[in-house]
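The data block below is model03.csv; it holds CSV, C-alpha atoms.
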chain,number,residue,atom,x,y,z
A,1,SER,CA,15.2,-11.8,22.7
A,2,SER,CA,13.3,-12.7,19.5
A,3,GLN,CA,11.5,-9.4,19.7
A,4,MET,CA,14.7,-7.5,19.9
A,5,ASP,CA,16.1,-9.5,16.9
A,6,VAL,CA,13.0,-8.5,14.9
A,7,LYS,CA,13.5,-4.8,15.8
A,8,VAL,CA,17.1,-5.0,14.6
A,9,LEU,CA,16.0,-6.7,11.4
A,10,MET,CA,13.4,-4.1,10.7
A,11,HIS,CA,15.9,-1.3,11.3
A,12,VAL,CA,18.4,-2.9,8.9
A,13,VAL,CA,15.7,-3.4,6.2
A,14,GLN,CA,14.5,0.2,6.6
A,15,LYS,CA,18.0,1.5,6.3
A,16,THR,CA,18.5,-0.6,3.2
A,17,ILE,CA,15.4,0.7,1.6
A,18,ASP,CA,16.4,4.3,2.4
A,19,PHE,CA,19.7,3.6,0.6
A,20,GLU,CA,18.0,2.2,-2.5
A,21,GLN,CA,15.7,5.3,-2.7
A,22,GLU,CA,18.8,7.6,-2.3
A,23,LEU,CA,20.5,5.7,-5.2
A,24,THR,CA,17.4,6.1,-7.4
A,25,SER,CA,17.2,9.8,-6.7
A,26,ARG,CA,20.9,10.3,-7.4
A,27,PHE,CA,20.9,8.4,-10.7
A,28,ALA,CA,17.7,10.1,-11.8
A,29,ALA,CA,19.3,13.5,-11.3
A,30,ALA,CA,22.5,12.4,-13.0
A,31,ALA,CA,20.5,11.0,-15.9
A,32,ARG,CA,18.6,14.3,-16.4
A,33,LEU,CA,21.9,16.2,-16.3
A,34,GLY,CA,23.5,13.7,-18.6
A,35,ASP,CA,20.7,14.0,-21.2
A,36,GLY,CA,21.1,17.7,-21.3
A,37,GLU,CA,24.9,17.5,-21.7
A,38,LEU,CA,24.6,14.9,-24.4
A,39,VAL,CA,22.2,17.0,-26.5
A,40,MET,CA,24.3,20.1,-26.0
A,41,SER,CA,27.6,18.5,-27.0
A,42,SER,CA,26.0,17.0,-30.1
A,43,ASP,CA,24.4,20.2,-31.2
A,44,GLU,CA,27.6,22.2,-30.4
A,45,GLU,CA,29.4,19.9,-32.8
A,46,ASP,CA,26.8,20.7,-35.5
A,47,GLU,CA,27.1,24.4,-34.8
A,48,ALA,CA,30.9,24.4,-35.0
A,49,GLY,CA,30.6,25.4,-38.6
A,50,VAL,CA,28.5,28.5,-37.9
A,51,SER,CA,30.6,30.2,-35.2
A,52,LEU,CA,30.0,34.0,-34.8
A,53,ASP,CA,33.5,34.6,-33.6
A,54,GLY,CA,35.0,37.6,-35.4
A,55,LEU,CA,32.0,38.0,-37.7
A,56,ASP,CA,30.2,41.3,-38.3
A,57,LEU,CA,26.7,40.6,-37.1
A,58,THR,CA,25.3,43.4,-39.2
A,59,SER,CA,26.6,41.9,-42.5
A,60,ALA,CA,24.5,39.6,-44.6
A,61,GLU,CA,26.7,36.6,-43.6
A,62,GLY,CA,26.6,37.5,-39.9
A,63,ILE,CA,22.8,37.9,-40.0
A,64,LYS,CA,22.5,34.5,-41.8
A,65,ARG,CA,24.7,32.7,-39.3
A,66,LYS,CA,23.0,34.3,-36.3
A,67,TYR,CA,19.6,33.2,-37.3
A,68,THR,CA,20.9,29.7,-38.2
A,69,LEU,CA,22.2,29.4,-34.7
A,70,LEU,CA,18.9,30.7,-33.3
A,71,LYS,CA,16.9,28.2,-35.3
A,72,ARG,CA,19.1,25.3,-34.2
A,73,GLN,CA,18.7,26.4,-30.6
A,74,GLN,CA,15.0,26.5,-30.9
A,75,GLU,CA,14.9,23.1,-32.6
A,76,ARG,CA,17.1,21.7,-29.8
A,77,GLU,CA,14.8,23.1,-27.1
A,78,GLN,CA,11.8,21.6,-28.9
A,79,ARG,CA,13.4,18.2,-29.1
A,80,ARG,CA,14.2,18.4,-25.4
A,81,LYS,CA,10.6,19.2,-24.6
A,82,GLU,CA,9.2,16.4,-26.8
A,83,ARG,CA,11.7,13.9,-25.2
A,84,GLU,CA,10.6,14.9,-21.7
A,85,SER,CA,6.9,14.7,-22.6
A,86,ARG,CA,7.4,11.2,-24.1
A,87,ARG,CA,9.3,10.1,-21.0
A,88,ALA,CA,6.6,11.5,-18.6
A,89,GLU,CA,3.8,9.8,-20.6
A,90,ALA,CA,5.7,6.5,-20.5
A,91,ASP,CA,6.4,6.8,-16.8
A,92,ALA,CA,2.8,7.6,-16.1
A,93,ALA,CA,1.6,4.5,-18.1
A,94,GLU,CA,4.1,2.3,-16.3
A,95,GLU,CA,3.0,3.7,-12.9
A,96,GLN,CA,-0.6,3.1,-13.7
A,97,ARG,CA,0.1,-0.5,-14.7
A,98,ALA,CA,2.1,-1.3,-11.6
A,99,GLY,CA,-0.1,0.7,-9.3
A,100,LYS,CA,2.9,2.5,-7.7
A,101,PRO,CA,5.5,5.1,-8.5
A,102,GLN,CA,8.3,4.0,-10.9
A,103,PRO,CA,11.8,5.4,-11.3
A,104,PRO,CA,12.4,7.5,-14.4
A,105,ARG,CA,13.0,5.6,-17.6
A,106,GLY,CA,16.5,4.6,-18.3
A,107,ILE,CA,17.4,4.6,-14.5
A,108,PRO,CA,18.5,1.3,-13.0
A,109,LYS,CA,15.9,-0.2,-10.7
A,110,PHE,CA,17.4,-0.1,-7.3
A,111,SER,CA,14.1,-0.6,-5.4
A,112,GLY,CA,14.2,-4.1,-3.8
A,113,LEU,CA,17.6,-4.8,-5.4
A,114,ILE,CA,19.2,-5.3,-1.9
A,115,SER,CA,16.3,-5.3,0.5
A,116,SER,CA,14.7,-8.3,-1.3
A,117,CYS,CA,17.6,-10.4,0.1
A,118,PHE,CA,15.9,-10.1,3.5
A,119,GLU,CA,12.6,-11.6,2.3
A,120,PRO,CA,13.4,-15.2,3.3
A,121,TYR,CA,14.2,-14.0,6.9
A,122,MET,CA,11.0,-12.0,7.5
A,123,GLY,CA,9.2,-14.9,9.0
A,124,SER,CA,10.1,-13.8,12.5
A,125,TYR,CA,8.5,-10.4,11.8
A,126,VAL,CA,5.3,-12.0,10.7
A,127,THR,CA,5.3,-14.4,13.7
A,128,LEU,CA,5.7,-11.4,16.1
A,129,GLU,CA,2.9,-9.5,14.4
A,130,GLU,CA,0.6,-12.5,14.8
A,131,SER,CA,1.5,-12.8,18.5
A,132,ASN,CA,1.0,-9.1,19.1
A,133,MET,CA,-2.4,-9.1,17.3
A,134,ALA,CA,-3.6,-12.1,19.2
A,135,GLU,CA,-2.8,-10.3,22.5
A,136,PHE,CA,-4.5,-7.2,21.1
A,137,ILE,CA,-7.7,-9.0,20.3
A,138,ASP,CA,-7.8,-10.6,23.8
A,139,ARG,CA,-7.4,-7.2,25.3
A,140,ILE,CA,-10.1,-5.4,23.3
A,141,VAL,CA,-12.5,-8.2,23.7
A,142,LYS,CA,-11.9,-8.2,27.5
A,143,ASP,CA,-12.6,-4.5,27.6
A,144,GLU,CA,-15.7,-4.7,25.4
A,145,LYS,CA,-18.9,-3.5,27.0
A,146,TRP,CA,-21.1,-5.4,24.5
A,147,ILE,CA,-23.9,-2.9,25.1
A,148,SER,CA,-23.6,0.7,24.0
A,149,ASP,CA,-24.6,3.6,26.3
A,150,ASP,CA,-24.9,5.8,23.2
A,151,ASN,CA,-27.9,5.1,20.9
A,152,ARG,CA,-25.8,6.4,18.0
A,153,THR,CA,-23.3,3.5,18.4
A,154,ARG,CA,-24.4,0.5,16.4
A,155,VAL,CA,-21.3,-1.7,16.3
A,156,LEU,CA,-18.9,-3.0,18.9
A,157,GLY,CA,-16.0,-0.7,19.6
A,158,SER,CA,-13.6,-3.7,19.4
A,159,SER,CA,-14.4,-4.3,15.7
A,160,ALA,CA,-13.4,-0.7,14.8
A,161,GLU,CA,-10.2,-1.0,16.8
A,162,LEU,CA,-9.4,-4.4,15.2
A,163,PHE,CA,-9.6,-3.0,11.6
A,164,LEU,CA,-7.7,0.1,12.6
A,165,TYR,CA,-4.9,-2.1,14.0
A,166,ILE,CA,-4.9,-4.3,10.8
A,167,LYS,CA,-4.7,-1.3,8.5
A,168,ARG,CA,-1.8,0.3,10.4
A,169,SER,CA,0.1,-3.0,10.5
A,170,LEU,CA,-0.4,-3.5,6.7
A,171,LYS,CA,0.8,0.0,6.0
A,172,ARG,CA,3.8,-0.5,8.2
A,173,CYS,CA,4.7,-3.7,6.4
A,174,ALA,CA,4.2,-2.2,2.9
A,175,THR,CA,6.9,0.3,3.6
A,176,LEU,CA,9.3,-2.6,4.0
A,177,THR,CA,8.1,-5.1,1.5
A,178,ARG,CA,5.2,-5.7,-0.9
A,179,ASN,CA,6.0,-9.3,-1.7
A,180,GLN,CA,5.7,-12.7,0.2
A,181,THR,CA,5.9,-11.1,3.7
A,182,LEU,CA,3.0,-8.8,3.0
A,183,PHE,CA,1.0,-11.7,1.7
A,184,ASP,CA,1.9,-13.8,4.8
A,185,LEU,CA,0.8,-10.9,7.0
A,186,PHE,CA,-2.5,-10.7,5.2
A,187,LYS,CA,-3.1,-14.4,5.9
A,188,VAL,CA,-2.4,-13.7,9.5
A,189,PHE,CA,-5.1,-11.1,9.5
A,190,THR,CA,-7.6,-13.4,7.9
A,191,ARG,CA,-7.0,-15.9,10.7
A,192,MET,CA,-7.5,-13.1,13.2
A,193,LEU,CA,-10.8,-12.1,11.6
A,194,LYS,CA,-12.0,-15.7,11.8
A,195,ALA,CA,-11.0,-15.8,15.5
A,196,TYR,CA,-13.0,-12.6,16.1
A,197,ALA,CA,-16.0,-14.0,14.3
A,198,ASP,CA,-15.8,-17.1,16.6
A,199,ILE,CA,-15.7,-14.7,19.6
A,200,LEU,CA,-18.9,-13.0,18.4
A,201,MET,CA,-20.6,-16.3,17.8
A,202,ASN,CA,-19.8,-17.6,21.3
A,203,ARG,CA,-20.9,-14.3,22.9
A,204,LEU,CA,-24.5,-14.6,21.5
A,205,PRO,CA,-27.0,-15.3,24.3
A,206,LYS,CA,-27.8,-19.0,24.5
A,207,LEU,CA,-31.2,-20.2,23.5
A,208,PRO,CA,-33.4,-21.6,26.2
A,209,THR,CA,-33.1,-25.4,26.5
A,210,THR,CA,-36.7,-25.8,25.4
A,211,ALA,CA,-36.2,-23.8,22.3
A,212,SER,CA,-34.8,-24.8,18.9
A,213,SER,CA,-32.7,-22.9,16.4
A,214,GLN,CA,-35.7,-23.3,14.0
A,215,ASP,CA,-38.1,-21.5,16.3
A,216,TRP,CA,-39.3,-18.2,14.8
A,217,GLN,CA,-40.0,-16.7,18.2
A,218,VAL,CA,-37.7,-17.1,21.2
A,219,LYS,CA,-38.2,-15.0,24.3
A,220,VAL,CA,-35.0,-13.2,25.4
A,221,THR,CA,-34.3,-10.6,28.0
A,222,GLU,CA,-34.0,-6.9,27.0
A,223,ASN,CA,-30.3,-7.1,27.8
A,224,ASP,CA,-29.8,-10.1,25.6
A,225,GLU,CA,-31.8,-8.4,22.8
A,226,ALA,CA,-29.4,-5.4,22.9
A,227,ILE,CA,-26.4,-7.7,22.7
A,228,ILE,CA,-27.8,-9.6,19.8
A,229,CYS,CA,-28.5,-6.4,17.9
A,230,MET,CA,-25.0,-5.1,18.5
A,231,ILE,CA,-23.4,-8.4,17.3
A,232,ILE,CA,-25.5,-8.5,14.2
A,233,ASN,CA,-24.6,-4.9,13.3
A,234,THR,CA,-21.0,-5.6,14.1
A,235,CYS,CA,-20.9,-8.7,11.8
A,236,GLU,CA,-22.4,-6.6,8.9
A,237,TYR,CA,-19.8,-4.0,9.5
A,238,CYS,CA,-17.0,-6.6,9.5
A,239,PHE,CA,-18.4,-8.2,6.4
A,240,GLU,CA,-18.2,-4.9,4.4
A,241,THR,CA,-14.9,-3.7,6.0
A,242,SER,CA,-13.1,-6.9,5.4
A,243,LYS,CA,-13.9,-6.6,1.7
A,244,GLN,CA,-12.6,-3.0,1.6
A,245,LEU,CA,-9.5,-4.3,3.4
A,246,ALA,CA,-8.8,-6.9,0.7
A,247,GLU,CA,-9.1,-4.2,-2.0
A,248,GLN,CA,-6.6,-2.1,-0.2
A,249,VAL,CA,-4.1,-5.0,0.0
A,250,LYS,CA,-4.5,-5.7,-3.7
A,251,LYS,CA,-3.4,-2.1,-4.4
A,252,MET,CA,-0.4,-2.5,-2.1
A,253,ILE,CA,1.0,-5.9,-2.9
A,254,GLU,CA,3.0,-7.0,-6.0
A,255,PRO,CA,0.8,-8.1,-9.0
A,256,ALA,CA,1.8,-11.8,-8.6
A,257,PHE,CA,-0.1,-12.0,-5.3
A,258,VAL,CA,-3.2,-10.1,-6.2
A,259,GLU,CA,-5.3,-13.1,-7.4
A,260,HIS,CA,-4.7,-14.8,-4.0
A,261,ILE,CA,-6.1,-11.9,-2.0
A,262,SER,CA,-9.5,-12.9,-0.8
A,263,VAL,CA,-11.7,-12.7,2.3
A,264,GLU,CA,-14.7,-14.6,1.1
A,265,ASN,CA,-14.2,-17.3,3.8
A,266,GLU,CA,-14.0,-14.7,6.5
A,267,GLN,CA,-17.1,-13.0,5.2
A,268,ASP,CA,-18.9,-16.3,5.4
A,269,ASP,CA,-17.8,-16.6,9.0
A,270,PHE,CA,-19.4,-13.3,9.9
A,271,SER,CA,-22.5,-14.2,7.9
A,272,ASN,CA,-22.8,-17.5,9.8
A,273,VAL,CA,-22.9,-15.6,13.1
A,274,ILE,CA,-26.0,-13.7,11.8
A,275,MET,CA,-27.7,-16.8,10.3

Once more with this new file: its structure as structure tokens, please.
Amino acid sequence: SSQMDVKVLMHVVQKTIDFEQELTSRFAAAARLGDGELVMSSDEEDEAGVSLDGLDLTSAEGIKRKYTLLKRQQEREQRRKERESRRAEADAAEEQRAGKPQPPRGIPKFSGLISSCFEPYMGSYVTLEESNMAEFIDRIVKDEKWISDDNRTRVLGSSAELFLYIKRSLKRCATLTRNQTLFDLFKVFTRMLKAYADILMNRLPKLPTTASSQDWQVKVTENDEAIICMIINTCEYCFETSKQLAEQVKKMIEPAFVEHISVENEQDDFSNVIM
């Protein structure tokens, strides 16, 4: 089945990403070791002329050579610390610019080197996520009570479940890719938010046939009034939470997609329900 194919694809992608991370770790460790060996071998060549072998360390020449070696060892250690400090500062600056951890400087970039090859084939994953989410919305709306038995509850439970589902799905996708697939999944969620806004609009109690939408006073039942209040509060909650969702996606996704991340249209949809 297509669902089984997607599961196999996700398994392969995850294994590939694990392999890339393992390569990065191994090369980082090798580079750190290599740096130390390179410095030592260079310094040892410099120190070859000041060997202490067979020398009386209590003599003037012995004391001179001993402290020459000690001074060079201290200088070598100081250079090592300075080099590590510069590398850490550069890595921190790069990480801050990219918004995510970077491999140590001088290490080949393995992240995405192989796994990016799967990007053109991730459409089936996005399609499955969209199908699953559509079914999820149908289920939570069907189970919605529309009126709270708890005075402390001001929004519909389905709205909180919806955003929790979206956040988990985004986080799951971000572990696999932060490129086109994550952007496509974000667009799926914007469509689902619009669909949810339409559901809220259609659930509003209908105005009496003798009333107009411009009337300031329309008589409704106590039950309808409670539903209207819950829907208004829910739309305000969705308006604010969708904005927070977009900001989270901007931090997850690759910089090339950031300017295209927006939920303004979806916020307008929730505002229209209230208006």

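Distances here use all atoms listed in the file; by that measure, the residue among A:Glu82, A:Glu264, A:Asp269, A:Glu77 closest to A:Ile199 is A:Asp269.
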
Residues within 12 Å of stretch 222-232 of chain A, please, as a short mmCIF file (atom, residue, chain, number, x, y, z; two decimals) with C-alpha atoms, keeping the file's coordinate frame. Count all atoms listed in the file; anything in the same chain fewer than 5 positions from it doesn't count.
data_model
loop_
_atom_site.label_atom_id
_atom_site.label_comp_id
_atom_site.auth_asym_id
_atom_site.auth_seq_id
_atom_site.Cartn_x
_atom_site.Cartn_y
_atom_site.Cartn_z
CA GLU A 144 -15.70 -4.70 25.40
CA LYS A 145 -18.90 -3.50 27.00
CA TRP A 146 -21.10 -5.40 24.50
CA ILE A 147 -23.90 -2.90 25.10
CA SER A 148 -23.60 0.70 24.00
CA ASP A 149 -24.60 3.60 26.30
CA ASP A 150 -24.90 5.80 23.20
CA ASN A 151 -27.90 5.10 20.90
CA ARG A 152 -25.80 6.40 18.00
CA THR A 153 -23.30 3.50 18.40
CA ARG A 154 -24.40 0.50 16.40
CA VAL A 155 -21.30 -1.70 16.30
CA LEU A 156 -18.90 -3.00 18.90
CA GLY A 157 -16.00 -0.70 19.60
CA SER A 158 -13.60 -3.70 19.40
CA SER A 159 -14.40 -4.30 15.70
CA TYR A 196 -13.00 -12.60 16.10
CA ALA A 197 -16.00 -14.00 14.30
CA ASP A 198 -15.80 -17.10 16.60
CA ILE A 199 -15.70 -14.70 19.60
CA LEU A 200 -18.90 -13.00 18.40
CA MET A 201 -20.60 -16.30 17.80
CA ASN A 202 -19.80 -17.60 21.30
CA ARG A 203 -20.90 -14.30 22.90
CA LEU A 204 -24.50 -14.60 21.50
CA PRO A 205 -27.00 -15.30 24.30
CA LYS A 206 -27.80 -19.00 24.50
CA LEU A 207 -31.20 -20.20 23.50
CA TYR A 237 -19.80 -4.00 9.50
CA CYS A 238 -17.00 -6.60 9.50
CA PHE A 239 -18.40 -8.20 6.40
CA PHE A 270 -19.40 -13.30 9.90
CA SER A 271 -22.50 -14.20 7.90
CA ASN A 272 -22.80 -17.50 9.80
CA VAL A 273 -22.90 -15.60 13.10
CA ILE A 274 -26.00 -13.70 11.80
CA MET A 275 -27.70 -16.80 10.30
#

A:Leu176 surroundings by all atoms listed in the file, 9 Å radius, close-in-sequence under 5 positions cut, as a ChimeraX atom specification: /A:10,13-14,17,115,182

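Computed from the coordinates, the atom CA of A:Met252 to atom CA of A:Leu185 distance equals 12.4 Å.
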
Once you count all atoms listed in the file, which residues end up no further than 10 Å from (6.7, -13.7, -0.8) in the file's frame, shown as a ChimeraX atom specification? /A:116,119-120,122,177-184,253-254,256-257

Atom pair atom CA of A:Val258 + atom CA of A:Thr234, distance 27.4 Å

Just how far from atom CA of A:Ala174 is atom CA of A:Val249, in Å to one decimal? 9.2 Å

For A:Asp18, the closest of A:Leu193, A:Ile114, A:Ala160, A:Met133 counting all atoms listed in the file is A:Ile114

Nearest to A:Ser242: which of A:Lys219, A:Arg83, A:Lys171, A:Lys194 is it, counting only C-alpha atoms? A:Lys194

Between A:Glu266, A:Phe110, A:Ser131, A:Thr221, single out the one closest to A:Phe19, counting all atoms listed in the file. A:Phe110

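Closest to A:Ser262 among A:Cys235, A:Lys64, A:Asp5, A:Thr190 is A:Thr190, based on all atoms listed in the file.
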